[in-house]
$ cat model_19.txt   # compact mmCIF, C-alpha atoms and all ligand atoms
# COMPACT_ATOMS: atom_id res chain seq x y z
CA MET F 16 0.00 0.00 0.00
CA LEU F 17 1.16 3.51 -0.66
CA GLN F 18 1.86 5.46 2.47
CA ALA F 19 1.62 9.03 1.26
CA VAL F 20 -1.44 10.30 -0.54
CA LYS F 21 -1.31 13.78 -2.03
CA THR F 22 -4.86 14.65 -1.19
CA GLU F 23 -4.64 18.03 -2.90
CA THR F 24 -4.34 16.29 -6.26
CA LEU F 25 -7.29 14.00 -5.80
CA LYS F 26 -9.91 14.08 -8.48
CA GLU F 27 -13.56 14.70 -7.95
CA GLN F 28 -14.95 12.14 -5.49
CA THR F 29 -17.75 10.62 -7.45
CA VAL F 30 -17.79 7.26 -5.75
CA PRO F 31 -20.58 5.03 -6.97
CA LYS F 32 -23.21 5.11 -4.29
CA SER F 33 -23.24 1.32 -4.27
CA ASN F 34 -19.87 1.65 -2.57
CA GLY F 35 -21.42 3.03 0.54
CA ASN F 36 -20.81 1.87 4.04
CA SER F 37 -20.52 -1.78 4.61
CA ASN F 38 -23.48 -3.58 6.01
CA GLY F 39 -23.90 -7.25 5.81
CA ASN F 40 -20.51 -8.18 4.48
CA SER F 41 -18.17 -9.98 6.73
CA ASN F 42 -14.91 -8.58 5.40
CA GLY F 43 -15.45 -4.86 5.68
CA ALA F 44 -15.71 -4.51 1.92
CA SER F 45 -17.81 -1.76 0.46
CA LYS F 46 -21.32 -2.95 -0.27
CA VAL F 47 -22.72 -3.48 -3.75
CA GLU F 48 -26.41 -2.84 -3.51
CA ARG F 49 -28.69 -5.41 -5.08
CA PRO F 50 -29.49 -3.41 -8.15
CA GLU F 51 -32.98 -2.98 -9.38
CA VAL F 52 -32.85 -4.63 -12.80
CA LYS F 53 -34.87 -2.67 -15.29
CA LEU F 54 -36.35 -3.94 -18.49
CA ARG F 55 -35.76 -1.49 -21.23
CA PRO F 56 -37.12 -2.32 -24.66
CA ARG F 57 -34.62 -1.77 -27.43
CA HIS F 58 -34.65 -2.41 -31.15
CA VAL F 59 -32.12 -5.21 -31.13
CA SER F 60 -32.05 -7.88 -33.79
CA GLY F 61 -35.00 -10.22 -33.64
CA GLY F 62 -36.95 -7.67 -31.63
CA VAL F 63 -35.61 -9.12 -28.38
CA GLU F 64 -35.84 -6.99 -25.26
CA GLU F 65 -32.49 -6.03 -23.82
CA ILE F 66 -32.06 -5.69 -20.08
CA LEU F 67 -30.10 -2.75 -18.78
CA ASP F 68 -27.20 -3.37 -16.43
CA PRO F 69 -27.97 -0.88 -13.63
CA PHE F 70 -24.26 -0.47 -12.87
CA CYS F 71 -23.55 0.64 -16.42
CA ASP F 72 -26.34 3.05 -17.19
CA PRO F 73 -25.61 5.28 -20.22
CA ALA F 74 -27.91 7.92 -18.72
CA ASN F 75 -26.02 7.93 -15.43
CA PRO F 76 -22.32 7.19 -15.97
CA ARG F 77 -20.31 6.74 -12.77
CA LYS F 78 -16.75 7.86 -12.20
CA ILE F 79 -14.51 6.05 -9.79
CA SER F 80 -12.25 7.92 -7.39
CA PHE F 81 -8.75 7.47 -5.99
CA HIS F 82 -10.36 6.29 -2.77
CA ASP F 83 -12.04 3.42 -4.65
CA VAL F 84 -8.66 2.29 -5.98
CA THR F 85 -7.00 2.32 -2.57
CA SER F 86 -9.95 0.40 -1.10
CA ALA F 87 -9.46 -2.19 -3.82
CA ALA F 88 -5.71 -2.38 -3.15
CA PHE F 89 -6.40 -2.97 0.53
CA LEU F 90 -8.91 -5.74 -0.07
CA ILE F 91 -7.15 -7.71 -2.80
CA ARG F 92 -3.66 -7.66 -1.33
CA GLY F 93 -2.47 -11.20 -0.76
CA GLY F 94 -5.10 -12.53 -3.18
CA VAL F 95 -3.44 -11.44 -6.42
CA GLU F 96 0.20 -11.19 -7.41
CA ARG F 97 2.18 -8.02 -6.98
CA THR F 98 3.86 -8.31 -10.36
CA PRO F 99 7.40 -7.13 -11.16
CA CYS F 100 8.20 -4.00 -13.17
CA PRO F 101 11.85 -4.33 -14.20
CA LYS F 102 13.82 -2.14 -16.58
CA SER F 103 13.69 -3.47 -20.12
CA THR F 104 16.92 -4.96 -21.41
CA SER F 105 16.19 -3.05 -24.63
CA SER F 106 15.93 0.39 -23.03
CA ASP F 107 18.96 1.67 -24.95
CA LEU F 108 17.65 0.24 -28.19
CA TYR F 109 14.39 2.18 -27.80
CA GLY F 110 16.18 5.33 -26.58
CA MET F 111 14.16 5.55 -23.38
CA GLU F 112 14.31 4.35 -19.81
CA LEU F 113 11.73 1.67 -20.38
CA TYR F 114 10.06 -0.40 -17.66
CA LEU F 115 7.77 -3.35 -18.27
CA LYS F 116 4.94 -3.96 -15.80
CA LYS F 117 4.48 -7.71 -16.12
CA ASP F 118 0.88 -8.26 -15.12
CA PHE F 119 0.57 -11.21 -17.48
CA LEU F 120 2.25 -13.09 -14.63
CA GLN F 121 -1.01 -13.25 -12.68
CA TYR F 122 -2.17 -16.84 -12.04
CA THR F 123 -4.79 -16.85 -14.84
CA GLY F 124 -2.51 -14.89 -17.16
CA SER F 125 -3.98 -11.40 -17.01
CA PHE F 126 -4.60 -8.29 -14.91
CA LYS F 127 -8.34 -9.07 -14.91
CA GLU F 128 -7.95 -10.88 -11.60
CA ARG F 129 -7.56 -7.59 -9.75
CA GLY F 130 -11.00 -6.24 -10.65
CA ALA F 131 -12.66 -9.65 -10.46
CA ARG F 132 -11.40 -10.33 -6.93
CA TYR F 133 -12.34 -6.85 -5.73
CA ALA F 134 -15.84 -7.14 -7.21
CA LEU F 135 -16.33 -10.52 -5.52
CA LEU F 136 -14.98 -9.38 -2.17
CA SER F 137 -17.28 -6.35 -2.25
CA LEU F 138 -20.48 -8.40 -2.43
CA THR F 139 -22.85 -8.57 0.49
CA ASP F 140 -23.03 -11.89 2.33
CA GLU F 141 -26.31 -12.65 0.57
CA GLN F 142 -24.84 -11.88 -2.85
CA LYS F 143 -21.86 -14.08 -2.03
CA ARG F 144 -24.25 -16.96 -1.40
CA THR F 145 -26.32 -16.36 -4.54
CA GLY F 146 -23.37 -15.70 -6.83
CA VAL F 147 -22.56 -13.58 -9.86
CA ILE F 148 -22.79 -13.87 -13.61
CA SER F 149 -20.91 -12.40 -16.54
CA ALA F 150 -20.47 -12.80 -20.27
CA SER F 151 -16.92 -12.93 -21.55
CA LEU F 152 -14.77 -14.43 -24.26
CA GLY F 153 -11.69 -14.91 -22.18
CA ASN F 154 -9.59 -13.18 -19.59
CA HIS F 155 -12.38 -11.70 -17.47
CA ALA F 156 -14.22 -15.04 -17.44
CA GLN F 157 -11.12 -16.89 -16.29
CA ALA F 158 -10.35 -14.34 -13.59
CA LEU F 159 -13.91 -14.32 -12.24
CA CYS F 160 -14.20 -18.12 -12.26
CA TYR F 161 -10.85 -18.61 -10.56
CA HIS F 162 -11.45 -16.12 -7.75
CA GLY F 163 -15.06 -17.24 -7.31
CA TRP F 164 -13.73 -20.74 -6.77
CA LYS F 165 -11.08 -19.57 -4.31
CA LEU F 166 -13.57 -17.39 -2.40
CA ASN F 167 -16.34 -19.98 -2.52
CA ILE F 168 -18.70 -17.69 -4.44
CA PRO F 169 -20.76 -19.32 -7.23
CA VAL F 170 -19.86 -17.93 -10.64
CA THR F 171 -21.72 -18.39 -13.91
CA VAL F 172 -20.16 -17.29 -17.17
CA VAL F 173 -21.84 -17.20 -20.54
CA MET F 174 -19.31 -17.64 -23.32
CA PRO F 175 -20.22 -17.21 -26.99
CA LYS F 176 -19.97 -20.30 -29.19
CA ALA F 177 -16.85 -18.86 -30.80
CA ALA F 178 -14.92 -18.83 -27.51
CA PRO F 179 -11.74 -20.93 -27.68
CA ILE F 180 -12.28 -24.43 -26.26
CA MET F 181 -9.19 -24.05 -24.08
CA LYS F 182 -10.65 -20.99 -22.35
CA ILE F 183 -14.00 -22.71 -21.85
CA GLN F 184 -12.24 -25.69 -20.31
CA LYS F 185 -10.16 -23.47 -18.01
CA CYS F 186 -13.32 -21.86 -16.61
CA ARG F 187 -14.80 -25.32 -16.04
CA ASN F 188 -11.61 -26.38 -14.27
CA TYR F 189 -12.19 -23.45 -11.91
CA LYS F 190 -15.52 -25.11 -10.98
CA ALA F 191 -17.68 -22.39 -12.53
CA ARG F 192 -20.99 -22.93 -14.28
CA VAL F 193 -20.08 -22.31 -17.91
CA ILE F 194 -22.81 -21.80 -20.48
CA VAL F 195 -21.69 -21.77 -24.09
CA ASP F 196 -24.34 -19.93 -26.04
CA GLY F 197 -24.84 -16.99 -28.39
CA ASN F 198 -23.28 -16.33 -31.76
CA ASP F 199 -21.34 -13.35 -30.48
CA MET F 200 -20.63 -11.42 -27.30
CA GLY F 201 -23.79 -9.33 -27.71
CA GLU F 202 -25.99 -12.44 -27.66
CA ALA F 203 -24.03 -14.02 -24.81
CA LYS F 204 -24.45 -10.84 -22.78
CA SER F 205 -28.20 -10.63 -23.44
CA LEU F 206 -28.57 -14.19 -22.18
CA ALA F 207 -26.44 -13.48 -19.12
CA MET F 208 -28.52 -10.39 -18.30
CA ARG F 209 -31.73 -12.42 -18.56
CA MET F 210 -30.30 -15.09 -16.27
CA SER F 211 -29.14 -12.43 -13.85
CA GLN F 212 -32.71 -11.21 -13.61
CA ASP F 213 -34.29 -14.66 -13.39
CA GLU F 214 -31.85 -16.06 -10.83
CA GLY F 215 -31.06 -12.91 -8.86
CA LEU F 216 -27.38 -13.01 -9.82
CA LEU F 217 -25.32 -9.84 -9.92
CA TYR F 218 -24.02 -9.12 -13.43
CA VAL F 219 -20.34 -8.11 -13.32
CA ASN F 220 -19.35 -6.21 -16.46
CA GLY F 221 -15.70 -6.98 -17.23
CA TYR F 222 -14.63 -3.40 -17.98
CA ASP F 223 -17.39 -1.08 -16.85
CA HIS F 224 -18.48 -2.19 -13.39
CA PRO F 225 -17.07 0.41 -10.95
CA HIS F 226 -15.43 -2.27 -8.78
CA ILE F 227 -13.76 -3.81 -11.82
CA MET F 228 -12.26 -0.43 -12.79
CA ALA F 229 -11.12 0.24 -9.22
CA GLY F 230 -9.46 -3.18 -9.01
CA GLN F 231 -7.57 -2.62 -12.25
CA GLY F 232 -6.43 0.74 -10.86
CA THR F 233 -4.27 -1.06 -8.31
CA ILE F 234 -1.76 -1.63 -11.13
CA GLY F 235 -1.27 2.14 -11.14
CA LEU F 236 -0.47 2.20 -7.42
CA GLU F 237 2.08 -0.60 -7.83
CA ILE F 238 3.70 1.09 -10.83
CA LEU F 239 4.26 4.29 -8.85
CA GLU F 240 5.82 2.36 -5.99
CA GLN F 241 8.11 0.47 -8.37
CA VAL F 242 8.98 3.35 -10.74
CA PRO F 243 8.49 6.67 -8.94
CA GLU F 244 7.20 9.59 -11.04
CA PRO F 245 7.42 8.09 -14.50
CA ASP F 246 7.07 10.47 -17.44
CA ALA F 247 4.49 8.23 -19.06
CA VAL F 248 2.47 5.07 -18.53
CA VAL F 249 1.31 3.27 -21.68
CA VAL F 250 -1.88 1.23 -21.35
CA PRO F 251 -3.73 -0.98 -23.88
CA VAL F 252 -7.42 -0.09 -24.21
CA GLY F 253 -10.41 -2.35 -24.90
CA GLY F 254 -13.61 -1.45 -23.07
CA GLY F 255 -11.67 1.21 -21.16
CA GLY F 256 -11.84 -0.13 -17.59
CA LEU F 257 -8.13 -0.80 -17.31
CA ILE F 258 -7.02 2.66 -18.37
CA ALA F 259 -9.79 4.27 -16.30
CA GLY F 260 -8.52 2.61 -13.11
CA ILE F 261 -4.83 3.17 -13.80
CA ALA F 262 -5.33 6.80 -14.82
CA THR F 263 -7.34 7.47 -11.65
CA ALA F 264 -4.51 6.14 -9.48
CA VAL F 265 -1.59 7.62 -11.41
CA LYS F 266 -2.98 11.11 -12.00
CA SER F 267 -3.92 11.43 -8.34
CA LEU F 268 -0.41 10.71 -7.09
CA SER F 269 1.73 11.89 -10.01
CA PRO F 270 -0.28 14.42 -12.04
CA LYS F 271 2.60 15.12 -14.42
CA THR F 272 2.78 11.51 -15.61
CA LYS F 273 1.26 11.20 -19.05
CA ILE F 274 -1.36 8.49 -19.55
CA ILE F 275 -1.23 7.11 -23.06
CA GLY F 276 -3.81 4.64 -24.34
CA VAL F 277 -3.16 2.23 -27.20
CA GLU F 278 -5.65 0.48 -29.48
CA SER F 279 -5.34 -1.70 -32.55
CA GLU F 280 -6.46 -0.13 -35.84
CA LYS F 281 -8.93 -3.03 -36.06
CA CYS F 282 -10.87 -2.01 -32.96
CA ALA F 283 -10.27 1.66 -32.20
CA SER F 284 -13.46 2.14 -30.21
CA PHE F 285 -12.07 4.55 -27.61
CA THR F 286 -10.64 6.78 -30.35
CA GLY F 287 -14.07 6.57 -31.99
CA ALA F 288 -15.74 7.52 -28.72
CA MET F 289 -13.42 10.52 -28.33
CA LYS F 290 -14.35 11.78 -31.79
CA ASN F 291 -18.01 11.23 -31.03
CA LYS F 292 -17.69 12.80 -27.56
CA GLY F 293 -19.23 9.68 -26.07
CA PRO F 294 -19.23 5.88 -26.45
CA ILE F 295 -20.38 4.82 -29.89
CA HIS F 296 -20.58 1.47 -31.64
CA THR F 297 -17.42 1.05 -33.72
CA PRO F 298 -17.21 -1.84 -36.19
CA ILE F 299 -14.39 -4.21 -35.25
CA LYS F 300 -12.38 -6.54 -37.44
CA ASN F 301 -10.31 -9.61 -36.70
CA THR F 302 -7.31 -8.58 -34.63
CA LEU F 303 -4.28 -10.14 -32.98
CA ALA F 304 -5.28 -8.12 -29.93
CA ASP F 305 -8.56 -9.98 -29.30
CA GLY F 306 -8.60 -8.74 -25.69
CA LEU F 307 -9.07 -5.22 -27.03
CA ALA F 308 -11.87 -6.10 -29.44
CA VAL F 309 -14.75 -4.30 -27.74
CA PRO F 310 -17.06 -2.48 -30.17
CA LYS F 311 -18.30 0.09 -27.68
CA VAL F 312 -16.33 1.34 -24.67
CA GLY F 313 -18.03 1.40 -21.28
CA TYR F 314 -19.96 4.50 -20.24
CA ASN F 315 -18.42 4.53 -16.75
CA ALA F 316 -14.98 3.78 -18.13
CA TYR F 317 -15.27 6.58 -20.67
CA ALA F 318 -16.51 9.12 -18.11
CA THR F 319 -13.67 8.22 -15.73
CA ALA F 320 -10.82 7.88 -18.20
CA MET F 321 -11.56 10.58 -20.75
CA PRO F 322 -10.53 13.61 -18.64
CA LEU F 323 -7.34 11.83 -17.51
CA ILE F 324 -5.96 10.48 -20.80
CA ASP F 325 -3.25 12.59 -22.43
CA ARG F 326 -3.15 10.75 -25.74
CA MET F 327 -4.67 7.83 -27.60
CA VAL F 328 -2.60 5.98 -30.18
CA VAL F 329 -3.79 3.54 -32.84
CA VAL F 330 -1.33 0.87 -34.02
CA LYS F 331 -1.24 -1.36 -37.06
CA GLU F 332 -1.38 -5.11 -36.54
CA GLU F 333 2.16 -5.64 -37.93
CA TRP F 334 3.58 -3.70 -35.00
CA ILE F 335 1.65 -5.83 -32.54
CA ALA F 336 3.10 -8.97 -34.15
CA LEU F 337 6.59 -7.48 -33.99
CA ALA F 338 6.10 -6.49 -30.33
CA ILE F 339 5.13 -10.09 -29.48
CA LEU F 340 8.28 -11.30 -31.24
CA ARG F 341 10.53 -8.73 -29.55
CA LEU F 342 9.12 -9.53 -26.12
CA VAL F 343 9.86 -13.22 -26.60
CA GLU F 344 13.32 -12.72 -28.04
CA GLU F 345 14.57 -9.94 -25.83
CA GLU F 346 12.60 -10.07 -22.60
CA LYS F 347 11.64 -13.77 -22.51
CA CYS F 348 7.99 -12.76 -22.09
CA VAL F 349 5.10 -14.53 -23.81
CA VAL F 350 2.27 -12.02 -24.20
CA GLU F 351 -0.96 -11.98 -26.15
CA GLY F 352 -1.70 -9.31 -28.77
CA ALA F 353 -3.45 -7.00 -26.31
CA GLY F 354 -0.50 -7.38 -23.95
CA GLY F 355 1.98 -6.33 -26.62
CA ALA F 356 0.04 -3.30 -27.89
CA GLY F 357 1.93 -0.81 -25.67
CA LEU F 358 5.34 -1.84 -26.95
CA ALA F 359 3.90 -1.91 -30.48
CA ALA F 360 3.19 1.82 -30.19
CA ILE F 361 6.84 2.46 -29.34
CA LEU F 362 8.13 0.22 -32.15
CA ALA F 363 5.85 1.98 -34.63
CA GLY F 364 7.43 5.31 -33.69
CA HIS F 365 4.15 6.73 -32.36
CA LEU F 366 5.76 7.67 -29.04
CA ASP F 367 9.03 9.21 -30.22
CA GLU F 368 8.36 12.26 -28.04
CA LEU F 369 9.13 10.00 -25.06
CA ARG F 370 12.78 9.41 -26.10
CA GLY F 371 15.11 10.01 -23.18
CA LYS F 372 12.17 9.73 -20.75
CA LYS F 373 11.13 7.26 -18.07
CA VAL F 374 8.31 5.19 -19.53
CA VAL F 375 6.28 2.27 -18.13
CA VAL F 376 4.59 -0.07 -20.59
CA LEU F 377 1.94 -2.43 -19.28
CA LEU F 378 2.16 -6.05 -20.42
CA CYS F 379 -1.34 -6.95 -19.32
CA GLY F 380 -2.02 -10.43 -20.67
CA GLY F 381 -0.30 -13.61 -21.76
CA ASN F 382 -3.17 -15.85 -22.86
CA ILE F 383 -2.25 -16.38 -26.45
CA ASP F 384 -3.39 -19.37 -28.44
CA THR F 385 -0.36 -21.43 -29.49
CA THR F 386 -1.25 -21.41 -33.18
CA VAL F 387 -1.89 -17.65 -33.11
CA PHE F 388 1.43 -17.25 -31.31
CA GLY F 389 3.22 -19.11 -34.11
CA ARG F 390 1.57 -16.92 -36.75
CA CYS F 391 2.47 -13.76 -34.80
CA LEU F 392 6.11 -14.72 -34.68
CA GLU F 393 6.07 -15.33 -38.44
CA ARG F 394 4.34 -12.03 -39.12
CA GLY F 395 6.78 -10.23 -36.86
CA LEU F 396 9.77 -11.80 -38.58
CA ALA F 397 8.28 -10.96 -41.98
CA ALA F 398 7.62 -7.34 -40.93
CA VAL F 399 11.34 -6.77 -40.28
CA GLY F 400 12.47 -8.76 -43.33
CA ARG F 401 13.84 -11.70 -41.38
CA LEU F 402 11.41 -14.10 -42.97
CA VAL F 403 10.73 -13.99 -46.69
CA LYS F 404 8.30 -16.17 -48.62
CA PHE F 405 9.00 -16.77 -52.30
CA ASN F 406 7.88 -19.23 -54.97
CA VAL F 407 10.35 -21.01 -57.19
CA GLU F 408 9.53 -23.01 -60.28
CA ILE F 409 12.01 -25.80 -60.87
CA SER F 410 12.01 -28.09 -63.83
CA ASP F 411 12.33 -31.75 -62.89
CA ARG F 412 13.81 -32.76 -66.27
CA ALA F 413 17.19 -34.41 -65.95
CA GLY F 414 20.05 -32.18 -67.04
CA ARG F 415 17.94 -28.99 -67.21
CA HIS F 416 19.27 -25.99 -65.36
CA GLN F 417 16.53 -23.50 -66.05
C1 LIG F 501 -4.94 -8.75 -22.03
C2 LIG F 501 -5.86 -7.60 -22.04
N1 LIG F 501 -5.36 -6.36 -22.14
C3 LIG F 501 -6.13 -5.28 -22.16
C4 LIG F 501 -7.51 -5.39 -22.07
C5 LIG F 501 -8.34 -4.16 -22.10
O1 LIG F 501 -8.96 -3.91 -20.87
P1 LIG F 501 -10.25 -3.00 -20.83
O2 LIG F 501 -11.33 -3.76 -21.57
O3 LIG F 501 -10.56 -2.82 -19.40
O4 LIG F 501 -9.90 -1.73 -21.53
C6 LIG F 501 -8.09 -6.67 -21.97
C7 LIG F 501 -9.53 -6.83 -21.87
O5 LIG F 501 -10.06 -7.92 -21.86
C8 LIG F 501 -7.25 -7.80 -21.95
O6 LIG F 501 -7.75 -9.04 -21.84
$ encode --input "model_19.txt" --output "structure tokens" --more "lines below"
Ligand SMILES: Cc1ncc(COP(=O)(O)O)c(C=O)c1O
Amino acid sequence: MLQAVKTETLKEQTVPKSNGNSNGNSNGASKVERPEVKLRPRHVSGGVEEILDPFCDPANPRKISFHDVTSAAFLIRGGVERTPCPKSTSSDLYGMELYLKKDFLQYTGSFKERGARYALLSLTDEQKRTGVISASLGNHAQALCYHGWKLNIPVTVVMPKAAPIMKIQKCRNYKARVIVDGNDMGEAKSLAMRMSQDEGLLYVNGYDHPHIMAGQGTIGLEILEQVPEPDAVVVPVGGGGLIAGIATAVKSLSPKTKIIGVESEKCASFTGAMKNKGPIHTPIKNTLADGLAVPKVGYNAYATAMPLIDRMVVVKEEWIALAILRLVEEEKCVVEGAGGAGLAAILAGHLDELRGKKVVVLLCGGNIDTTVFGRCLERGLAAVGRLVKFNVEISDRAGRHQ
């Protein structure tokens, strides 16, 4: 835990009211009220009614505060790894004092455990008995299932049919109820919301629930302890919860530190939201950074992060492939596409203004499919001309040389 808090730099205290005083929970965690689940008709495909998640209400976006992040740090300590943040062996090569925050070293392979554990620990005793539900393709599902198992809280995850079998199996290994349904994340989420209403389960959005954002913010506290007053912290962005939490922590304690978000060109939904001055559906394409492939950023995440972000950068896929290759070759780190996006921005030359500066890049996930990993390495090698494909026609007639 950080000892000194510069209270004069704290941002507006807009703590979600669900974080009010504890009553009913045995661990002193802030209480998540049983939300009133509203039915709100929407013109979704097939004319199906969509249920609104009361914690992520577009009409009432909630910002988290520094206090929320420190509460999360207090509650999850001992339950998640405090990951290392060493100086990169390639600092000189990149012309900056570069540090790599290795949060892919969490037990389930990503930072998502921080928010998941905090959200679970913040439930009331009754909610802990009933359990929670979420829809996710990967890292959030694994984190929630694993910590639910460890904390003895029932977890249900709805995973779309396209979810990788390995990830589905991992969630089952963590003793969760895993429902594989829906053709995409949208359908999986609709089903999860309906089940949440029918079974009285709390829906935990993987990037927009206030407790999820606060939990992810604990990375920011650790970074500042490990690398005091960095000039910049570079954070991959999907739904926006990760950068919202980190920015809240970092800007409160070190206001001069620049917060730089990175997205793939294939799913630049935060950049789209900035242009639109609010979250907007952005078409996404296949990307190596599947963890960042969220078509619309969270309303709470956007409201929290937007005033604190100094710059957003969009990178091409080739640079993500090269970053994955470089991290294996030079740092001995296996990261997934989303985890390599920060370094990709440096390799692409998008952050040249940080030369000579102290920069922390977050390596936030390592759950990469082995076949995708192989293809990434090939693409990375090809991008720097170390792997060339060519076709040769050779005559098989004896004595012919041409
Ligand atoms: C490895 C990894 N990095 C980054 C992100 C982005 O986090 P957020 O959606 O909170 O912006 C995700 C989200 O799933 C992820 O899995």
$ atom_distance --input "model_19.txt" --atom1 "CA of Lys176 (chain F)" --atom2 "CA of Leu217 (chain F)"
22.6 Å
$ closest_residue --input "model_19.txt" --among "F:Arg390, F:Lys78, F:Lys117, F:Lys182" --to "His224 (chain F)" --atoms "only C-alpha atoms"
F:Lys78
$ closest_atom_pairs --input "model_19.txt" --of "chain F" --to "ligand LIG 501 (chain F)" --cutoff "8 Å" --atoms "only C-alpha atoms and all ligand atoms" --output "JSON lines"
{"residue": "F:Phe119", "atom": "CA", "partner": "F:LIG501", "partner_atom": "C1", "distance": 7.6}
{"residue": "F:Ser125", "atom": "CA", "partner": "F:LIG501", "partner_atom": "C1", "distance": 5.8}
{"residue": "F:Phe126", "atom": "CA", "partner": "F:LIG501", "partner_atom": "C1", "distance": 7.1}
{"residue": "F:Lys127", "atom": "CA", "partner": "F:LIG501", "partner_atom": "O6", "distance": 7.0}
{"residue": "F:Gly153", "atom": "CA", "partner": "F:LIG501", "partner_atom": "O6", "distance": 7.1}
{"residue": "F:Asn154", "atom": "CA", "partner": "F:LIG501", "partner_atom": "O6", "distance": 5.1}
{"residue": "F:His155", "atom": "CA", "partner": "F:LIG501", "partner_atom": "O5", "distance": 6.2}
{"residue": "F:Gly221", "atom": "CA", "partner": "F:LIG501", "partner_atom": "O2", "distance": 6.9}
{"residue": "F:Tyr222", "atom": "CA", "partner": "F:LIG501", "partner_atom": "O3", "distance": 4.3}
{"residue": "F:Asp223", "atom": "CA", "partner": "F:LIG501", "partner_atom": "O3", "distance": 7.5}
{"residue": "F:Met228", "atom": "CA", "partner": "F:LIG501", "partner_atom": "O3", "distance": 7.2}
{"residue": "F:Gln231", "atom": "CA", "partner": "F:LIG501", "partner_atom": "O3", "distance": 7.8}
{"residue": "F:Val250", "atom": "CA", "partner": "F:LIG501", "partner_atom": "C3", "distance": 7.8}
{"residue": "F:Pro251", "atom": "CA", "partner": "F:LIG501", "partner_atom": "C3", "distance": 5.2}
{"residue": "F:Val252", "atom": "CA", "partner": "F:LIG501", "partner_atom": "O4", "distance": 4.0}
{"residue": "F:Gly253", "atom": "CA", "partner": "F:LIG501", "partner_atom": "O4", "distance": 3.5}
{"residue": "F:Gly254", "atom": "CA", "partner": "F:LIG501", "partner_atom": "O2", "distance": 3.6}
{"residue": "F:Gly255", "atom": "CA", "partner": "F:LIG501", "partner_atom": "O4", "distance": 3.5}
{"residue": "F:Gly256", "atom": "CA", "partner": "F:LIG501", "partner_atom": "O3", "distance": 3.5}
{"residue": "F:Leu257", "atom": "CA", "partner": "F:LIG501", "partner_atom": "O3", "distance": 3.8}
{"residue": "F:Ile258", "atom": "CA", "partner": "F:LIG501", "partner_atom": "O4", "distance": 6.1}
{"residue": "F:Ala259", "atom": "CA", "partner": "F:LIG501", "partner_atom": "O3", "distance": 7.8}
{"residue": "F:Ala304", "atom": "CA", "partner": "F:LIG501", "partner_atom": "C2", "distance": 7.9}
{"residue": "F:Asp305", "atom": "CA", "partner": "F:LIG501", "partner_atom": "O6", "distance": 7.6}
{"residue": "F:Gly306", "atom": "CA", "partner": "F:LIG501", "partner_atom": "O6", "distance": 4.0}
{"residue": "F:Leu307", "atom": "CA", "partner": "F:LIG501", "partner_atom": "C5", "distance": 5.1}
{"residue": "F:Ala308", "atom": "CA", "partner": "F:LIG501", "partner_atom": "C7", "distance": 8.0}
{"residue": "F:Val309", "atom": "CA", "partner": "F:LIG501", "partner_atom": "O2", "distance": 7.1}
{"residue": "F:Val312", "atom": "CA", "partner": "F:LIG501", "partner_atom": "O2", "distance": 7.8}
{"residue": "F:Glu351", "atom": "CA", "partner": "F:LIG501", "partner_atom": "C1", "distance": 6.6}
{"residue": "F:Gly352", "atom": "CA", "partner": "F:LIG501", "partner_atom": "C1", "distance": 7.5}
{"residue": "F:Ala353", "atom": "CA", "partner": "F:LIG501", "partner_atom": "N1", "distance": 4.6}
{"residue": "F:Gly354", "atom": "CA", "partner": "F:LIG501", "partner_atom": "C1", "distance": 5.0}
{"residue": "F:Leu378", "atom": "CA", "partner": "F:LIG501", "partner_atom": "N1", "distance": 7.7}
{"residue": "F:Cys379", "atom": "CA", "partner": "F:LIG501", "partner_atom": "C1", "distance": 4.9}
{"residue": "F:Gly380", "atom": "CA", "partner": "F:LIG501", "partner_atom": "C1", "distance": 3.6}
{"residue": "F:Gly381", "atom": "CA", "partner": "F:LIG501", "partner_atom": "C1", "distance": 6.7}
{"residue": "F:Asn382", "atom": "CA", "partner": "F:LIG501", "partner_atom": "C1", "distance": 7.4}
$ residues_around --input "model_19.txt" --residues "Gln142 (chain F)" --least-positions-apart "3" --cutoff "9 Å" --atoms "only C-alpha atoms" --output "ChimeraX atom specification"
/F:47,49,138-139,145-147,168,215-217
$ closest_residue --input "model_19.txt" --among "F:Tyr133, F:Tyr218, F:Phe405, F:Tyr189" --to "Val173 (chain F)" --atoms "only C-alpha atoms"
F:Tyr218
$ atom_distance --input "model_19.txt" --atom1 "CA of Leu369 (chain F)" --atom2 "CA of Gly110 (chain F)"
8.6 Å
$ residues_around --input "model_19.txt" --residues "region 190-197 of chain F" --least-positions-apart "4" --cutoff "7 Å" --atoms "all atoms listed in the file" --output "list of chain:residue names"
F:Cys160, F:Trp164, F:Pro169, F:Val170, F:Thr171, F:Val172, F:Val173, F:Met174, F:Pro175, F:Lys176, F:Cys186, F:Glu202, F:Ala203
$ write_last_selection --input "model_19.txt" --atoms "C-alpha atoms" --output "PDB file, in the frame of the given file"
ATOM      1  CA  CYS F 160     -14.200 -18.120 -12.260  1.00  0.00           C
ATOM      2  CA  TRP F 164     -13.730 -20.740  -6.770  1.00  0.00           C
ATOM      3  CA  PRO F 169     -20.760 -19.320  -7.230  1.00  0.00           C
ATOM      4  CA  VAL F 170     -19.860 -17.930 -10.640  1.00  0.00           C
ATOM      5  CA  THR F 171     -21.720 -18.390 -13.910  1.00  0.00           C
ATOM      6  CA  VAL F 172     -20.160 -17.290 -17.170  1.00  0.00           C
ATOM      7  CA  VAL F 173     -21.840 -17.200 -20.540  1.00  0.00           C
ATOM      8  CA  MET F 174     -19.310 -17.640 -23.320  1.00  0.00           C
ATOM      9  CA  PRO F 175     -20.220 -17.210 -26.990  1.00  0.00           C
ATOM     10  CA  LYS F 176     -19.970 -20.300 -29.190  1.00  0.00           C
ATOM     11  CA  CYS F 186     -13.320 -21.860 -16.610  1.00  0.00           C
ATOM     12  CA  GLU F 202     -25.990 -12.440 -27.660  1.00  0.00           C
ATOM     13  CA  ALA F 203     -24.030 -14.020 -24.810  1.00  0.00           C
TER      14      ALA F 203
END
